[in-house]
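Structure below is final39.cif: mmCIF, C-alpha atoms and all ligand atoms.
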```
data_model
loop_
_atom_site.label_atom_id
_atom_site.label_comp_id
_atom_site.auth_asym_id
_atom_site.auth_seq_id
_atom_site.Cartn_x
_atom_site.Cartn_y
_atom_site.Cartn_z
CA MET L 578 0.00 0.00 0.00
CA THR L 579 1.51 3.34 -0.94
CA HIS L 580 0.10 6.53 0.47
CA ASP L 581 -1.02 9.76 -0.98
CA ARG L 582 -1.23 12.73 1.39
CA SER L 583 -4.59 13.81 0.03
CA ARG L 584 -6.14 10.63 1.46
CA PRO L 585 -6.21 10.35 5.25
CA LEU L 586 -4.55 7.24 6.68
CA LEU L 587 -6.25 5.71 9.71
CA ALA L 588 -4.55 2.92 11.61
CA GLY L 589 -6.30 1.05 14.41
CA ASN L 590 -3.82 -0.09 17.06
CA TRP L 591 -5.62 -2.81 18.98
CA LYS L 592 -2.74 -3.24 21.45
CA MET L 593 -3.18 -6.33 23.69
CA HIS L 594 -6.89 -6.73 23.02
CA GLN L 595 -9.29 -8.91 21.04
CA THR L 596 -9.84 -12.64 21.17
CA LEU L 597 -10.14 -14.36 17.81
CA ALA L 598 -13.93 -14.09 17.85
CA GLU L 599 -13.77 -10.40 18.77
CA ALA L 600 -11.09 -9.74 16.19
CA ARG L 601 -13.12 -11.43 13.46
CA ALA L 602 -16.23 -9.41 14.28
CA LEU L 603 -14.38 -6.09 14.47
CA ALA L 604 -12.37 -6.63 11.28
CA SER L 605 -15.46 -7.81 9.39
CA ALA L 606 -17.37 -4.68 10.41
CA VAL L 607 -14.50 -2.43 9.29
CA ALA L 608 -14.16 -4.34 6.00
CA ALA L 609 -17.89 -3.99 5.33
CA ALA L 610 -17.79 -0.23 6.01
CA SER L 611 -14.66 0.29 3.93
CA ARG L 612 -16.64 0.48 0.67
CA GLU L 613 -18.37 3.57 1.97
CA LEU L 614 -15.06 4.95 3.32
CA ALA L 615 -13.18 4.82 0.03
CA GLY L 616 -11.76 8.33 0.61
CA ALA L 617 -9.37 7.02 3.27
CA ASP L 618 -6.67 4.37 3.64
CA ILE L 619 -7.38 2.08 6.60
CA ILE L 620 -5.06 -0.32 8.41
CA LEU L 621 -5.69 -2.61 11.38
CA ALA L 622 -2.96 -3.70 13.79
CA PRO L 623 -4.25 -6.67 15.80
CA PRO L 624 -2.13 -8.67 18.26
CA PHE L 625 0.03 -11.31 16.55
CA THR L 626 -2.35 -14.10 17.58
CA ALA L 627 -5.16 -12.57 15.52
CA LEU L 628 -3.25 -11.63 12.35
CA ALA L 629 -4.39 -14.67 10.37
CA GLU L 630 -7.98 -14.31 11.53
CA VAL L 631 -8.08 -10.61 10.65
CA ARG L 632 -6.42 -11.26 7.32
CA ARG L 633 -9.22 -13.66 6.43
CA ALA L 634 -11.88 -11.19 7.57
CA LEU L 635 -10.32 -8.41 5.46
CA ALA L 636 -9.88 -10.52 2.31
CA GLY L 637 -11.28 -8.72 -0.73
CA SER L 638 -11.41 -5.37 1.08
CA PRO L 639 -8.89 -2.54 0.72
CA VAL L 640 -8.16 -2.53 4.47
CA GLY L 641 -4.50 -3.24 5.24
CA LEU L 642 -2.91 -5.26 8.02
CA ALA L 643 -0.09 -4.23 10.37
CA GLY L 644 2.03 -5.78 13.08
CA GLN L 645 2.42 -3.91 16.37
CA ASN L 646 6.13 -4.67 16.73
CA LEU L 647 8.89 -6.85 15.29
CA PHE L 648 12.37 -8.10 16.06
CA TRP L 649 15.08 -7.02 13.65
CA GLU L 650 16.71 -10.40 12.96
CA GLU L 651 15.26 -12.30 10.01
CA LYS L 652 15.02 -15.65 11.78
CA GLY L 653 16.73 -17.75 14.40
CA ALA L 654 16.73 -18.72 18.05
CA PHE L 655 14.84 -15.74 19.44
CA THR L 656 12.06 -17.29 21.48
CA GLY L 657 8.98 -15.15 21.64
CA GLU L 658 9.95 -12.77 18.85
CA VAL L 659 8.41 -12.17 15.41
CA SER L 660 10.46 -11.00 12.42
CA ALA L 661 9.66 -8.72 9.50
CA PRO L 662 9.56 -11.61 6.96
CA LEU L 663 7.13 -13.48 9.24
CA LEU L 664 4.86 -10.42 9.42
CA LYS L 665 5.04 -10.03 5.66
CA ASP L 666 4.15 -13.70 5.25
CA ALA L 667 1.19 -13.22 7.62
CA GLY L 668 -0.17 -10.60 5.20
CA CYS L 669 1.06 -7.39 6.83
CA SER L 670 1.80 -4.31 4.75
CA HIS L 671 2.81 -2.17 7.76
CA VAL L 672 4.38 -2.49 11.19
CA ILE L 673 4.29 -0.11 14.15
CA ILE L 674 7.78 0.62 15.50
CA GLY L 675 8.89 2.47 18.64
CA HIS L 676 5.46 2.94 20.21
CA SER L 677 5.85 4.75 23.53
CA GLU L 678 4.44 1.73 25.39
CA ARG L 679 7.30 -0.34 23.98
CA ARG L 680 9.82 2.36 24.88
CA GLN L 681 8.33 2.61 28.39
CA HIS L 682 7.71 -1.04 29.29
CA PHE L 683 10.03 -3.04 27.05
CA GLY L 684 13.21 -0.99 26.87
CA GLU L 685 12.84 0.08 23.24
CA THR L 686 15.46 2.69 22.35
CA ASP L 687 16.22 4.83 19.31
CA ALA L 688 18.94 2.32 18.45
CA SER L 689 16.49 -0.60 18.43
CA VAL L 690 13.98 1.52 16.51
CA ARG L 691 16.62 2.09 13.84
CA LYS L 692 17.38 -1.62 13.45
CA LYS L 693 13.69 -2.45 13.31
CA ILE L 694 13.05 0.16 10.62
CA LYS L 695 15.86 -1.28 8.49
CA SER L 696 14.59 -4.84 8.78
CA ALA L 697 10.98 -3.81 8.10
CA LEU L 698 12.02 -1.94 4.95
CA GLN L 699 14.14 -4.83 3.81
CA ALA L 700 11.11 -7.13 4.03
CA GLY L 701 8.96 -4.64 2.12
CA LEU L 702 6.91 -3.50 5.11
CA VAL L 703 6.04 0.15 5.72
CA PRO L 704 7.27 1.11 9.20
CA ILE L 705 4.97 3.38 11.22
CA VAL L 706 7.56 5.02 13.45
CA CYS L 707 6.28 6.61 16.67
CA VAL L 708 7.79 9.61 18.42
CA GLY L 709 6.45 11.70 21.27
CA GLU L 710 7.28 13.57 24.45
CA SER L 711 6.18 12.85 28.02
CA LEU L 712 4.19 15.34 30.07
CA GLY L 713 7.27 16.28 32.09
CA GLU L 714 9.24 16.93 28.92
CA ARG L 715 6.46 19.11 27.50
CA GLU L 716 6.12 21.05 30.73
CA ALA L 717 9.87 21.61 30.80
CA GLY L 718 9.66 23.11 27.30
CA ARG L 719 11.66 20.23 25.83
CA THR L 720 9.10 18.86 23.34
CA MET L 721 10.95 19.79 20.16
CA ASP L 722 14.32 18.63 21.55
CA VAL L 723 12.86 15.25 22.43
CA ILE L 724 11.21 14.84 19.03
CA ALA L 725 14.37 15.95 17.22
CA GLY L 726 16.41 13.45 19.27
CA GLN L 727 14.05 10.57 18.54
CA LEU L 728 14.02 11.39 14.82
CA GLU L 729 17.77 11.71 14.67
CA GLY L 730 18.37 8.54 16.68
CA GLY L 731 15.69 6.47 14.99
CA LEU L 732 16.30 7.52 11.38
CA ASP L 733 20.08 7.82 11.56
CA GLY L 734 21.73 6.18 8.57
CA LEU L 735 18.56 5.91 6.47
CA ASP L 736 19.02 7.15 2.93
CA ALA L 737 16.37 9.21 1.17
CA ASP L 738 14.87 6.16 -0.53
CA GLU L 739 14.45 4.42 2.84
CA ALA L 740 13.21 7.54 4.63
CA GLY L 741 10.70 8.07 1.83
CA ARG L 742 9.10 4.71 2.60
CA ILE L 743 8.32 5.30 6.25
CA VAL L 744 5.25 6.76 7.94
CA LEU L 745 5.79 8.81 11.10
CA ALA L 746 3.39 9.05 14.01
CA TYR L 747 3.47 11.86 16.54
CA GLU L 748 2.05 10.45 19.77
CA PRO L 749 2.47 12.67 22.82
CA VAL L 750 2.80 10.21 25.70
CA TRP L 751 0.53 12.34 27.92
CA ALA L 752 -2.29 11.98 25.38
CA ILE L 753 -2.18 8.19 24.96
CA GLY L 754 -5.07 6.44 26.63
CA THR L 755 -5.69 9.44 28.89
CA GLY L 756 -8.63 11.04 27.12
CA ARG L 757 -6.48 14.17 26.88
CA THR L 758 -5.98 14.82 23.15
CA ALA L 759 -3.43 17.34 21.93
CA SER L 760 -5.25 20.39 20.58
CA PRO L 761 -5.11 20.76 16.80
CA ASP L 762 -2.65 23.65 17.32
CA GLN L 763 -0.40 21.64 19.62
CA ALA L 764 -0.39 18.69 17.23
CA GLU L 765 0.14 20.85 14.15
CA GLU L 766 3.07 22.61 15.76
CA VAL L 767 4.91 19.32 16.24
CA HIS L 768 3.83 17.89 12.86
CA GLY L 769 5.17 21.02 11.16
CA PHE L 770 8.39 20.66 13.14
CA ILE L 771 8.77 17.01 12.07
CA ARG L 772 8.19 17.93 8.43
CA GLY L 773 10.80 20.68 8.77
CA ARG L 774 13.34 18.21 10.17
CA LEU L 775 12.66 15.84 7.29
CA GLU L 776 13.21 18.69 4.87
CA GLU L 777 16.55 19.54 6.47
CA SER L 778 17.70 15.93 6.30
CA TYR L 779 16.20 14.76 3.02
CA GLY L 780 14.96 17.79 1.08
CA GLY L 781 11.64 19.38 0.26
CA GLU L 782 10.38 16.79 -2.17
CA LEU L 783 10.50 14.03 0.41
CA SER L 784 9.21 16.13 3.31
CA SER L 785 6.25 17.46 1.36
CA CYS L 786 5.12 13.89 0.57
CA ALA L 787 5.81 12.42 4.03
CA ILE L 788 2.82 10.96 5.88
CA ILE L 789 2.67 12.07 9.52
CA LEU L 790 -0.03 10.57 11.74
CA TYR L 791 -1.27 11.93 15.04
CA GLY L 792 -2.02 9.54 17.92
CA GLY L 793 -3.29 10.01 21.46
CA SER L 794 -6.95 9.83 22.52
CA VAL L 795 -8.26 10.32 18.98
CA LYS L 796 -12.04 10.02 18.98
CA ALA L 797 -14.79 10.96 16.55
CA ALA L 798 -15.45 14.25 18.34
CA ASN L 799 -11.90 15.58 17.84
CA THR L 800 -10.97 14.01 14.50
CA CYS L 801 -12.41 16.56 12.08
CA SER L 802 -10.60 19.51 13.67
CA LEU L 803 -7.28 17.62 13.72
CA PHE L 804 -7.61 16.69 10.05
CA LYS L 805 -8.14 20.30 9.00
CA GLU L 806 -4.52 20.98 9.99
CA LYS L 807 -2.16 21.07 7.06
CA ASP L 808 0.49 18.70 8.37
CA ILE L 809 -1.78 16.04 9.92
CA ASP L 810 -2.19 13.25 7.38
CA GLY L 811 -3.72 10.52 9.44
CA ALA L 812 -4.23 9.04 12.88
CA LEU L 813 -3.06 6.11 14.95
CA VAL L 814 -6.10 5.20 17.00
CA GLY L 815 -5.92 3.01 20.10
CA GLY L 816 -8.94 2.71 22.42
CA ALA L 817 -11.45 4.12 19.95
CA SER L 818 -10.47 1.52 17.31
CA LEU L 819 -11.74 -1.36 19.45
CA GLU L 820 -15.35 -0.66 18.70
CA PRO L 821 -16.41 -0.69 15.04
CA GLY L 822 -18.89 2.20 15.37
CA SER L 823 -16.39 4.61 16.87
CA PHE L 824 -13.55 3.66 14.52
CA ILE L 825 -15.75 3.96 11.42
CA GLU L 826 -17.02 7.32 12.65
CA ILE L 827 -13.42 8.48 13.08
CA VAL L 828 -12.65 7.51 9.47
CA ARG L 829 -15.72 9.44 8.30
CA GLU L 830 -14.73 12.50 10.31
CA ALA L 831 -11.19 12.30 8.95
CA ILE L 832 -12.48 12.31 5.37
CA LYS L 833 -14.71 15.26 6.24
CA GLY L 834 -11.89 17.22 7.92
CA ARG L 835 -9.61 16.58 4.98
CA LYS L 836 -12.21 17.90 2.51
CA GLU L 837 -12.59 21.05 4.54
CA ARG L 838 -8.83 21.53 4.49
CA GLN L 839 -8.57 21.47 0.71
P1 LIG E 1 -5.23 5.88 22.35
O1 LIG E 1 -3.88 5.15 21.88
O2 LIG E 1 -5.98 6.27 21.10
O3 LIG E 1 -5.96 4.86 23.16
O4 LIG E 1 -4.82 7.09 23.14
C1 LIG E 1 -3.17 5.60 20.75
C2 LIG E 1 -1.91 4.79 20.57
O5 LIG E 1 -1.30 4.42 21.57
O6 LIG E 1 -1.52 4.48 19.43
#
```
Could the structure of this file be written out as C-alpha cells, please?
Amino acid sequence: MTHDRSRPLLAGNWKMHQTLAEARALASAVAAASRELAGADIILAPPFTALAEVRRALAGSPVGLAGQNLFWEEKGAFTGEVSAPLLKDAGCSHVIIGHSERRQHFGETDASVRKKIKSALQAGLVPIVCVGESLGEREAGRTMDVIAGQLEGGLDGLDADEAGRIVLAYEPVWAIGTGRTASPDQAEEVHGFIRGRLEESYGGELSSCAIILYGGSVKAANTCSLFKEKDIDGALVGGASLEPGSFIEIVREAIKGRKERQ
C-alpha cells in the first residue's frame, strides 16, 4: 500500500486486546464499512495471535494489516519474537515501531527503533515510526528537543529512498489512553516541526510527501478539527479503534476534515 497525502490514513492499534472471535467481528465490520469509506486508507494492527484471523476477515477489502512490533533479525533462536519476513508472510503491509508503550515497558530505544526500521524496509513492510514527548518533557519546554532526538536517533543512517518509505506518528505520551488529546494547534506545531526536520535531512520533495499521523486519545469528536490541519495526514487510533462504530465514525470525520482543508 503506498500513500497519498490527500487521502487520510487511519490505523487502528488494537494493542493487547481482542480474542479471535472479537477480532473477526471487528475486522469484518470495518471491512464492510470500507466500501463507503473509500476516501481514506485504513489499516488494522491486531495482536500477533489474531493476524491470520483478521487477514481472512479483510480478504477482498482494501483494508491493510499491520504488526504492532517486530524483532530485527530475520530468523533464528529468538524465542517469543516475530520478524519482518514473518509479518510479511502473515499478510502485513505495515508495522508499528517504537510505540511509547514499547519504549516505556520493554526498553525500546532509538537504536532498536533504527534496526527495526531497516529490517521492516528490507522485508517490504512500511514502518509506522512513533515519536512523542512525556508530560514532564512538555512542561519543561523540551518537546521539540525530544522529538528531534528521537528522529535523529531512529532515522540515523537511512538514505532518502528508505526515509521516503516510512510513515511517522506523533504520539504525545501524555495523550495516549488518557482522554487528553493534543489540541489541533499543539499537534500541528509538532507535525510542522517534524516535516521541517525531514526537509533539512532529506529535502523538500520528500518532506512534502511524508505521511505524519497523530495519535493520542483520537475520537470521533476531535478528528475533524485535527484533520483540518495542514500537516496532519492521518491518525493512529488506540482505544477508539476497538469498537467498530467509533472507529468507522473516526474515518468518516477524517475524510470530512480533509475535505474542509482542501
Ligand atoms: P489511544 O492510543 O488512542 O488509546 O490514546 C493511541 C496509541 O497508543 O496508538
Using only C-alpha atoms and all ligand atoms, find each residue of chain L with at least one atom at most 10 Å away from an atom of ligand LIG 1 (chain E); report its shortest atom-to-atom pair and that distance in Å (one decimal), sort the rows by chain and rising residue number, and return the result as a tab-separated table.
```
residue	atom	partner	partner_atom	distance
L:Ala588	CA	E:LIG1	O6	8.5
L:Gly589	CA	E:LIG1	O6	7.7
L:Asn590	CA	E:LIG1	O6	5.6
L:Trp591	CA	E:LIG1	O6	8.4
L:Lys592	CA	E:LIG1	O5	7.8
L:Gln645	CA	E:LIG1	O6	9.8
L:Ile673	CA	E:LIG1	O6	9.1
L:His676	CA	E:LIG1	O5	7.1
L:Ser677	CA	E:LIG1	O5	7.4
L:Glu678	CA	E:LIG1	O5	7.4
L:Cys707	CA	E:LIG1	O6	8.5
L:Ala746	CA	E:LIG1	O6	8.6
L:Tyr747	CA	E:LIG1	O6	9.4
L:Glu748	CA	E:LIG1	C2	7.0
L:Pro749	CA	E:LIG1	O5	9.2
L:Val750	CA	E:LIG1	O5	8.2
L:Trp751	CA	E:LIG1	O4	8.9
L:Ala752	CA	E:LIG1	O4	5.9
L:Ile753	CA	E:LIG1	O4	3.4
L:Gly754	CA	E:LIG1	O4	3.6
L:Thr755	CA	E:LIG1	O4	6.3
L:Gly756	CA	E:LIG1	O4	6.8
L:Arg757	CA	E:LIG1	O4	8.2
L:Thr758	CA	E:LIG1	O4	7.8
L:Leu790	CA	E:LIG1	O6	9.9
L:Tyr791	CA	E:LIG1	O6	8.7
L:Gly792	CA	E:LIG1	C1	5.0
L:Gly793	CA	E:LIG1	O4	3.7
L:Ser794	CA	E:LIG1	O4	3.5
L:Val795	CA	E:LIG1	O2	5.1
L:Lys796	CA	E:LIG1	O2	7.4
L:Ala812	CA	E:LIG1	O6	8.4
L:Leu813	CA	E:LIG1	O6	5.0
L:Val814	CA	E:LIG1	O2	4.2
L:Gly815	CA	E:LIG1	O2	3.4
L:Gly816	CA	E:LIG1	O3	3.7
L:Ala817	CA	E:LIG1	O2	6.0
L:Ser818	CA	E:LIG1	O2	7.6
L:Leu819	CA	E:LIG1	O3	9.3
```
Discussion item. Using Å and a single decimal, report how far atom CA of Pro623 of chain L sits from atom CA of Ala600 of chain L.
Written reply: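 Calculated distance between atom CA of Ala600 of chain L and atom CA of Pro623 of chain L is 7.5 Å.
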Worksheet item: Hey, what's within 10 Å of Ile809 of chain L if we count all atoms listed in the file and toss same-chain stuff fewer than 2 positions away? As a list in words, please?
Response: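 Residues meeting the cut-off are Arg582, Pro585, Leu586, Ala746, Tyr747, Pro761, Ala764, Glu765, Val767, His768, Gly769, Ile788, Ile789, Leu790, Tyr791, Leu803, Phe804, Lys805, Glu806, Lys807, Gly811, Ala812 and Arg835 of chain L.
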Worksheet item: Which residue out of L:Asp808, L:Ile694, L:Lys652, L:Ala797 has the minimum interatomic distance to Gly822 of chain L when all atoms listed in the file are used?
Response: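 Nearest to Gly822 of chain L: L:Ala797.
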Practice prompt. Could you check how far atom CA of Asp618 of chain L sits from atom CA of Leu642 of chain L, in Å to one decimal?
Written response: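 About the pair atom CA of Asp618 of chain L and atom CA of Leu642 of chain L: they are 11.2 Å apart.
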Worksheet item: Nearest to Ser823 of chain L: which of L:Thr720, L:Asn799, L:Leu597, L:Arg838 is it, counting all atoms listed in the file?
Response: L:Asn799
Mind filling out segment 720-731 of chain L with all heavy atoms and sending it as a JSON list (two decimals), keeping the file's coordinate frame?
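Result saved to rebuild_33.json:
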```json
[["chain", "number", "residue", "atom", "x", "y", "z"],
["L", 720, "THR", "N", 9.78, 19.68, 24.35],
["L", 720, "THR", "CA", 9.10, 18.86, 23.34],
["L", 720, "THR", "C", 9.91, 18.74, 22.04],
["L", 720, "THR", "O", 10.19, 17.63, 21.58],
["L", 720, "THR", "CB", 7.71, 19.45, 23.03],
["L", 720, "THR", "OG1", 6.95, 19.41, 24.24],
["L", 720, "THR", "CG2", 6.99, 18.66, 21.96],
["L", 721, "MET", "N", 10.29, 19.86, 21.47],
["L", 721, "MET", "CA", 10.95, 19.79, 20.16],
["L", 721, "MET", "C", 12.32, 19.10, 20.25],
["L", 721, "MET", "O", 12.72, 18.39, 19.33],
["L", 721, "MET", "CB", 11.08, 21.18, 19.54],
["L", 721, "MET", "CG", 9.76, 21.88, 19.34],
["L", 721, "MET", "SD", 8.50, 20.87, 18.50],
["L", 721, "MET", "CE", 7.13, 22.03, 18.46],
["L", 722, "ASP", "N", 13.02, 19.31, 21.39],
["L", 722, "ASP", "CA", 14.32, 18.63, 21.55],
["L", 722, "ASP", "C", 14.14, 17.12, 21.59],
["L", 722, "ASP", "O", 14.92, 16.36, 21.01],
["L", 722, "ASP", "CB", 14.98, 19.03, 22.88],
["L", 722, "ASP", "CG", 15.51, 20.44, 22.83],
["L", 722, "ASP", "OD1", 15.59, 20.99, 21.71],
["L", 722, "ASP", "OD2", 15.83, 20.99, 23.90],
["L", 723, "VAL", "N", 13.10, 16.69, 22.31],
["L", 723, "VAL", "CA", 12.86, 15.25, 22.43],
["L", 723, "VAL", "C", 12.52, 14.66, 21.07],
["L", 723, "VAL", "O", 13.05, 13.62, 20.66],
["L", 723, "VAL", "CB", 11.72, 14.98, 23.45],
["L", 723, "VAL", "CG1", 11.26, 13.53, 23.42],
["L", 723, "VAL", "CG2", 12.16, 15.39, 24.85],
["L", 724, "ILE", "N", 11.62, 15.34, 20.35],
["L", 724, "ILE", "CA", 11.21, 14.84, 19.03],
["L", 724, "ILE", "C", 12.42, 14.81, 18.08],
["L", 724, "ILE", "O", 12.64, 13.82, 17.37],
["L", 724, "ILE", "CB", 10.10, 15.74, 18.42],
["L", 724, "ILE", "CG1", 8.89, 15.84, 19.35],
["L", 724, "ILE", "CG2", 9.70, 15.26, 17.02],
["L", 724, "ILE", "CD1", 8.14, 14.57, 19.59],
["L", 725, "ALA", "N", 13.20, 15.89, 18.11],
["L", 725, "ALA", "CA", 14.37, 15.95, 17.22],
["L", 725, "ALA", "C", 15.32, 14.80, 17.55],
["L", 725, "ALA", "O", 15.86, 14.14, 16.65],
["L", 725, "ALA", "CB", 15.07, 17.29, 17.38],
["L", 726, "GLY", "N", 15.51, 14.53, 18.85],
["L", 726, "GLY", "CA", 16.41, 13.45, 19.27],
["L", 726, "GLY", "C", 15.90, 12.09, 18.81],
["L", 726, "GLY", "O", 16.67, 11.26, 18.32],
["L", 727, "GLN", "N", 14.60, 11.87, 18.95],
["L", 727, "GLN", "CA", 14.05, 10.57, 18.54],
["L", 727, "GLN", "C", 14.14, 10.40, 17.02],
["L", 727, "GLN", "O", 14.41, 9.30, 16.52],
["L", 727, "GLN", "CB", 12.59, 10.45, 19.00],
["L", 727, "GLN", "CG", 12.46, 10.29, 20.51],
["L", 727, "GLN", "CD", 11.02, 10.36, 20.99],
["L", 727, "GLN", "OE1", 10.14, 10.88, 20.30],
["L", 727, "GLN", "NE2", 10.77, 9.85, 22.18],
["L", 728, "LEU", "N", 13.92, 11.49, 16.29],
["L", 728, "LEU", "CA", 14.02, 11.39, 14.82],
["L", 728, "LEU", "C", 15.46, 11.12, 14.42],
["L", 728, "LEU", "O", 15.73, 10.24, 13.58],
["L", 728, "LEU", "CB", 13.55, 12.69, 14.17],
["L", 728, "LEU", "CG", 12.05, 12.97, 14.19],
["L", 728, "LEU", "CD1", 11.76, 14.35, 13.61],
["L", 728, "LEU", "CD2", 11.28, 11.90, 13.39],
["L", 729, "GLU", "N", 16.36, 11.89, 15.02],
["L", 729, "GLU", "CA", 17.77, 11.71, 14.67],
["L", 729, "GLU", "C", 18.25, 10.30, 15.01],
["L", 729, "GLU", "O", 18.88, 9.64, 14.19],
["L", 729, "GLU", "CB", 18.60, 12.70, 15.49],
["L", 729, "GLU", "CG", 19.41, 13.65, 14.66],
["L", 729, "GLU", "CD", 19.80, 14.85, 15.51],
["L", 729, "GLU", "OE1", 20.61, 14.66, 16.44],
["L", 729, "GLU", "OE2", 19.25, 15.93, 15.26],
["L", 730, "GLY", "N", 17.92, 9.87, 16.22],
["L", 730, "GLY", "CA", 18.37, 8.54, 16.68],
["L", 730, "GLY", "C", 17.71, 7.42, 15.90],
["L", 730, "GLY", "O", 18.35, 6.44, 15.54],
["L", 731, "GLY", "N", 16.43, 7.55, 15.63],
["L", 731, "GLY", "CA", 15.69, 6.47, 14.99],
["L", 731, "GLY", "C", 15.96, 6.38, 13.49],
["L", 731, "GLY", "O", 15.95, 5.29, 12.92]]
```
